[in-house]
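Undergrad: Supplied in structure tokens, the structure appears directly below.
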Amino acid sequence: MNFPGIGLLKGFVVTARNFLGSYVEKDRLTTRQYPEERPKLPENSRSFPFLVFDGEDPEAGMRCVACKICEKECPPQCIYIIQDRDAAGKPLKRPRIFDIDISVCMSCQICVEVCPFESIRMDTDYELSSFDRFGSLVLDKSKLLKSNAYYHGIHPTEASETDARIEADRKKKEAAAAAKAEAARKATAEKAAKAAHPPEETK
Amino acid sequence: MELLERAPVELKNAFLRVLGSLGVPEGMLAILSAVLIIGTVIGVFLGLFALMSVMERKILARVQNRYGPNRAGPFGLFQPVADGIKMLTKEDLVPRAADKVVHFLAPVVMMVPALLVLAILPYGRDMVPVELESGILFFFAVGAGTEVAIFMAGWASNNKYSVLGAMRAIAQMISYEIPLVISAVTAAMIAGSLSPSVIVAAQGGFAAGFLPHWFVTTPWGFTAALLFYIGALAESNRSPFDLPEGESELVAGHLTEYSGFKYATFFMAEYIGMFAICGMFVTLFLGGWQAPLPFLTVVPSWIWFFGKVCFVAFTMVWVRATLPRLRVDHLLAFAWKFLLPMSFAAFLSAACWHYAGRGPAAWFLSLVVVGIPYLVLGLSFTSRFSVSRRTYLFSE
Amino acid sequence: MICESLKTCFDDPGKFLGEWFVLLPALVLLLAAAAAVVLRNLIHATLCLTLSFIALGILFIALGAEFVGFVQLLVYVGAVAMLIVFAILLTRPERLAKSDTALSGLGPAGGALAGFVTLGVLLGFLFTSPIAKKSLPGPASAPVAEIGHALMGDYKAALIVVGVLLTAALVGAAVLAMEDKNS
């Protein structure tokens, strides 16, 4: 049996050690003082989607072709797209309006997975608070469009993979086009040859 | 240093002399002097309250290895300003079924005793706002008004949690007032006076050249100081005796239906009351404004007083950071079955110390007189509440 | 007249306040006591009673009887008023709001009669007792030490008897409470 009161004193020693220790040992304080000390995010962290464009001009280099697959796949339906049309009313391969309501978005990344044009990607920016309850949380095309260089900045590995894939696709397409052209050329050549020397048996 | 010692008094006198030379009549000057003293005391304690409200949070945070408030101003020192603005701009809600007059009066009544008791504390050498022959009695008599205020708050809110909290508070305060007063009486008995300044004067001087004659250095004084300290924690509703506002059971006790500035007033009254009782503790057992070592007497006495008060307040935060809240029956059992007999033991021990000649032999005699009841009561308490190792029935 | 009193107020406010300081608590005491009797709401009546206790304590202090005043505050406000409150809160909470049993029928008349009889008896004693024939000793306040010496010296027997009586009451209450618990 202990001397009465010893238990209390032990408790006081524990709290005193923590109190003084917090001034001496820095690693006791686990709090990260946020605006000054920012956490280093893991490379694959994600917040909300954005649109990638190539080159310098956002409108010209836009990868999005307004196929609306992401709009259809989005589980909370936070994407809103209207295709652009030219003066004659003919649909163009780019969106006129592309809005994402990030107050609805749940950061599921399904839009990224379904996009066949590597156009939509996840951002890492998390400081999105604003004084406006509605307007500033709906991001329009001008806010969504970010350069490929920015994409490389936030997700270097993923961006390089994407670029490599686009490059490979482009090469494959070129090869296919070349092969097709070659085949077409051959076919026309054959046709011409046939026209020049008609087969004997048709007579 | 001599100048600094007298600085507060001399400043006031100089101000009054200037007014007197301007033709303000003698009687008016007396009133002005009183107003100056009152204003200074209240100002100092409000400042302490503001400092405490932020330091308490910082200390608690440090004990839990956090930073605590450090955003408002340098080191978070402007936090009280931010809190004050927040409290002032909040809506003042009064429940529809509340007794509106009593609901309004309760914070006012709460504030009155908290401020009144500041009048009799000796803040420094010859620095007592009101020199009362029975100052200690005044302190406890006026302090009794707090209970009325808490009851008014609890009942007028027309809320079951408020009433329960108020009843708990009253039961607790009545129970803990007895050991509190008896342990205070021991100090008054040895000093031979109920006047705080005489009690402080009785603790002056040093034994063997360096040991201060504070009452806390004697066995009976140490016991009485501990008892008074525990009673003071309970009287100011501080952890571990903060059951009246135990948020896990009672939302906020008698404060449940208070918001805005009325809540702030309660909060302020509680903290000023806490500082007052810390000041009384310092006066009774820690030698008041006396310096702890002979060569430190050059430091002004009022600095010592407020330094000691801040130290005691710090220990109260330390206690809050360490001990969990008591259960109601344990709380009352502790008061009646441990503190009350122990306060009688301290009383007896003080008498033995006095009649055995106040020498080293008396010191040991009083240690024995106070030690035996402590061991008996303490061991019976620990055996009653001893917990065996928990055994699990189904999971191992 | 008013000018005169205003002048005193400015020249010697202490004296001016001192005169009022005796009258004011007496007035509050009377009003609060009357309110405690008249008010229907039991809690309000209790609070008014507490206020009258406080006013009485202040009156004692204003008249120079510091010690009695403080004891009045400590015992009556700190303990008695709180015990009354406890008794009210622990019994019949549903009738707290409107207790209309009092002040009906012969109640007021009987109460008034009892009050006046008590007053008459007290006044009779006051005027026939030898104290009334002594001249007043003046407003000198009794020092606390003197009261203490008197209690421990001349009146020690009375003090011990009162102590034993209160201890017996306390033990009796504890025994009652314990029996209640066991049954």
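Every chain in the structure tokens has a letter given in the order shown (A, B, ...), and although residue numbers restart at 1 in each chain, ligands are simply numbered from 1 in the order shown.
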DSSP on the backbone, then: every residue of range 15-190 of chain A marked strand (DSSP E), written as an MDAnalysis selection string.
TA: chainID A and resid 49:53 79:85 91:101 120:122 138:139 145:147
Undergrad: For Ile37 in chain B, list every protein, DNA or RNA residue within 10 Å, evaluated using only C-alpha atoms, and leave out those in the same chain fewer than 6 positions away; present the list as a PyMOL selection string.
TA: chain B and resi 8-9+12+31+43+119+127-130
Undergrad: Provide the CA of Gly124 in chain B to CA of Ile272 in chain B distance in Å, to one decimal place.
TA: 18.7 Å
Undergrad: Find the residues near Leu92 in chain A: any atom within 12 Å, counting only C-alpha atoms, skip ones fewer than 2 places away on the same chain, and give them as a ChimeraX atom specification.
TA: /A:64-67,82-90,94-96
Undergrad: Once you have the residues from the selection above, write them out as a PDB file, in the first residue's frame, restricted to C-alpha atoms.
TA:
ATOM      1  CA  CYS A  64     -10.880  18.999 -74.333  1.00  0.00           C
ATOM      2  CA  VAL A  65     -13.082  18.233 -77.329  1.00  0.00           C
ATOM      3  CA  ALA A  66     -16.426  18.537 -75.491  1.00  0.00           C
ATOM      4  CA  CYS A  67     -17.168  14.821 -75.797  1.00  0.00           C
ATOM      5  CA  ILE A  82     -21.950  23.082 -73.628  1.00  0.00           C
ATOM      6  CA  GLN A  83     -20.277  22.421 -76.954  1.00  0.00           C
ATOM      7  CA  ASP A  84     -19.099  25.364 -79.004  1.00  0.00           C
ATOM      8  CA  ARG A  85     -20.562  26.027 -82.452  1.00  0.00           C
ATOM      9  CA  ASP A  86     -19.291  28.129 -85.302  1.00  0.00           C
ATOM     10  CA  ALA A  87     -21.240  30.909 -86.962  1.00  0.00           C
ATOM     11  CA  ALA A  88     -23.045  28.429 -89.193  1.00  0.00           C
ATOM     12  CA  GLY A  89     -24.221  26.406 -86.186  1.00  0.00           C
ATOM     13  CA  LYS A  90     -21.891  23.524 -86.923  1.00  0.00           C
ATOM     14  CA  ARG A  94     -14.234  22.293 -78.101  1.00  0.00           C
ATOM     15  CA  PRO A  95     -16.501  23.379 -75.225  1.00  0.00           C
ATOM     16  CA  ARG A  96     -18.101  26.813 -75.101  1.00  0.00           C
TER      17      ARG A  96
END
Undergrad: Hey, what's within 12 Å of Val71 in chain C if we count only C-alpha atoms and toss same-chain stuff fewer than 2 positions away? As a VMD selection string, please?
TA: (chain B and resid 134 to 142 144) or (chain C and resid 53 to 54 56 to 58 60 to 61 65 to 69 73 to 80 144)
Undergrad: Can I get the selection written as an mmCIF file, in the first residue's frame, with C-alpha atoms?
TA:
data_model
loop_
_atom_site.group_PDB
_atom_site.id
_atom_site.type_symbol
_atom_site.label_atom_id
_atom_site.label_comp_id
_atom_site.auth_asym_id
_atom_site.auth_seq_id
_atom_site.Cartn_x
_atom_site.Cartn_y
_atom_site.Cartn_z
ATOM 1 C CA SER B 134 -11.782 41.470 11.145
ATOM 2 C CA GLY B 135 -10.717 41.356 7.513
ATOM 3 C CA ILE B 136 -10.633 37.569 7.263
ATOM 4 C CA LEU B 137 -14.187 37.408 8.509
ATOM 5 C CA PHE B 138 -15.186 40.077 5.984
ATOM 6 C CA PHE B 139 -13.615 38.007 3.218
ATOM 7 C CA PHE B 140 -15.647 34.907 3.987
ATOM 8 C CA ALA B 141 -18.817 36.785 4.911
ATOM 9 C CA VAL B 142 -18.915 38.666 1.622
ATOM 10 C CA ALA B 144 -20.980 33.896 0.810
ATOM 11 C CA PHE C 53 -30.392 39.553 5.734
ATOM 12 C CA ILE C 54 -27.767 41.360 3.686
ATOM 13 C CA LEU C 56 -29.351 43.890 8.165
ATOM 14 C CA GLY C 57 -25.689 42.922 8.025
ATOM 15 C CA ILE C 58 -24.834 46.202 6.310
ATOM 16 C CA PHE C 60 -24.920 46.469 11.686
ATOM 17 C CA ILE C 61 -21.676 47.429 9.974
ATOM 18 C CA ALA C 65 -20.935 46.616 15.020
ATOM 19 C CA GLU C 66 -18.526 45.194 12.443
ATOM 20 C CA PHE C 67 -18.167 41.736 13.914
ATOM 21 C CA VAL C 68 -21.895 41.147 14.311
ATOM 22 C CA GLY C 69 -22.466 42.441 10.787
ATOM 23 C CA LEU C 73 -23.641 37.907 6.530
ATOM 24 C CA LEU C 74 -21.629 34.724 6.950
ATOM 25 C CA VAL C 75 -24.237 32.761 8.856
ATOM 26 C CA TYR C 76 -27.508 34.092 7.484
ATOM 27 C CA VAL C 77 -26.588 34.707 3.853
ATOM 28 C CA GLY C 78 -24.015 31.967 3.551
ATOM 29 C CA ALA C 79 -25.779 29.225 5.439
ATOM 30 C CA VAL C 80 -29.361 29.923 6.521
ATOM 31 C CA VAL C 144 -13.071 41.696 17.786
#
Undergrad: I need the residue nearest chain A from this list: B:Phe206, B:Tyr67, B:Trp289, B:Phe266. Use only C-alpha atoms for the distance.
TA: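 Closest candidate: B:Tyr67.
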Undergrad: Contacts between chain B and chain A, please, where a residue of chain A counts if it comes within 7 Å (with only C-alpha atoms); show its shortest atom pair and distance in Å to one decimal, rows by chain and ascending number, as CSV.
TA:
residue,atom,partner,partner_atom,distance
A:Pro4,CA,B:Gly378,CA,5.2
A:Gly11,CA,B:Thr322,CA,6.3
A:Phe12,CA,B:Thr322,CA,6.1
A:Thr15,CA,B:Val63,CA,5.7
A:Asn18,CA,B:Val63,CA,5.1
A:Phe19,CA,B:Val63,CA,4.1
A:Ser22,CA,B:Asn65,CA,5.6
A:Arg28,CA,B:Asn65,CA,6.0
A:Leu29,CA,B:Asn65,CA,5.2
A:Thr31,CA,B:Arg66,CA,6.4
Undergrad: Smallest atom-to-atom distance to Phe86 in chain C: which of B:Ala202, B:Gly273, B:Val317, B:Ala166, using only C-alpha atoms?
TA: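 Smallest separation from Phe86 in chain C among the options: B:Ala166.
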Undergrad: With only C-alpha atoms as the basis for distance, which of B:Arg17, B:Lys308, B:Arg96, B:Arg168 is at the shortest distance from chain C?
TA: B:Arg168
Undergrad: Pro76 in chain A: which residues within 9 Å, counting only C-alpha atoms, same-chain residues fewer than 5 positions away excluded, as an MDAnalysis selection string?
TA: chainID A and resid 104:106
Undergrad: I need the residues of range 111-177 of chain B that end up classed as alpha helix (DSSP H) by DSSP on the backbone, written out as a VMD selection string.
TA: chain B and resid 111 to 116 135 to 143 145 to 156 160 to 177
Undergrad: Mind giving me the straight-line distance from CA of Ala173 in chain C to CA of Ala87 in chain C in Å, one decimal?
TA: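 Interatomic distance, CA of Ala173 in chain C to CA of Ala87 in chain C: 14.9 Å.
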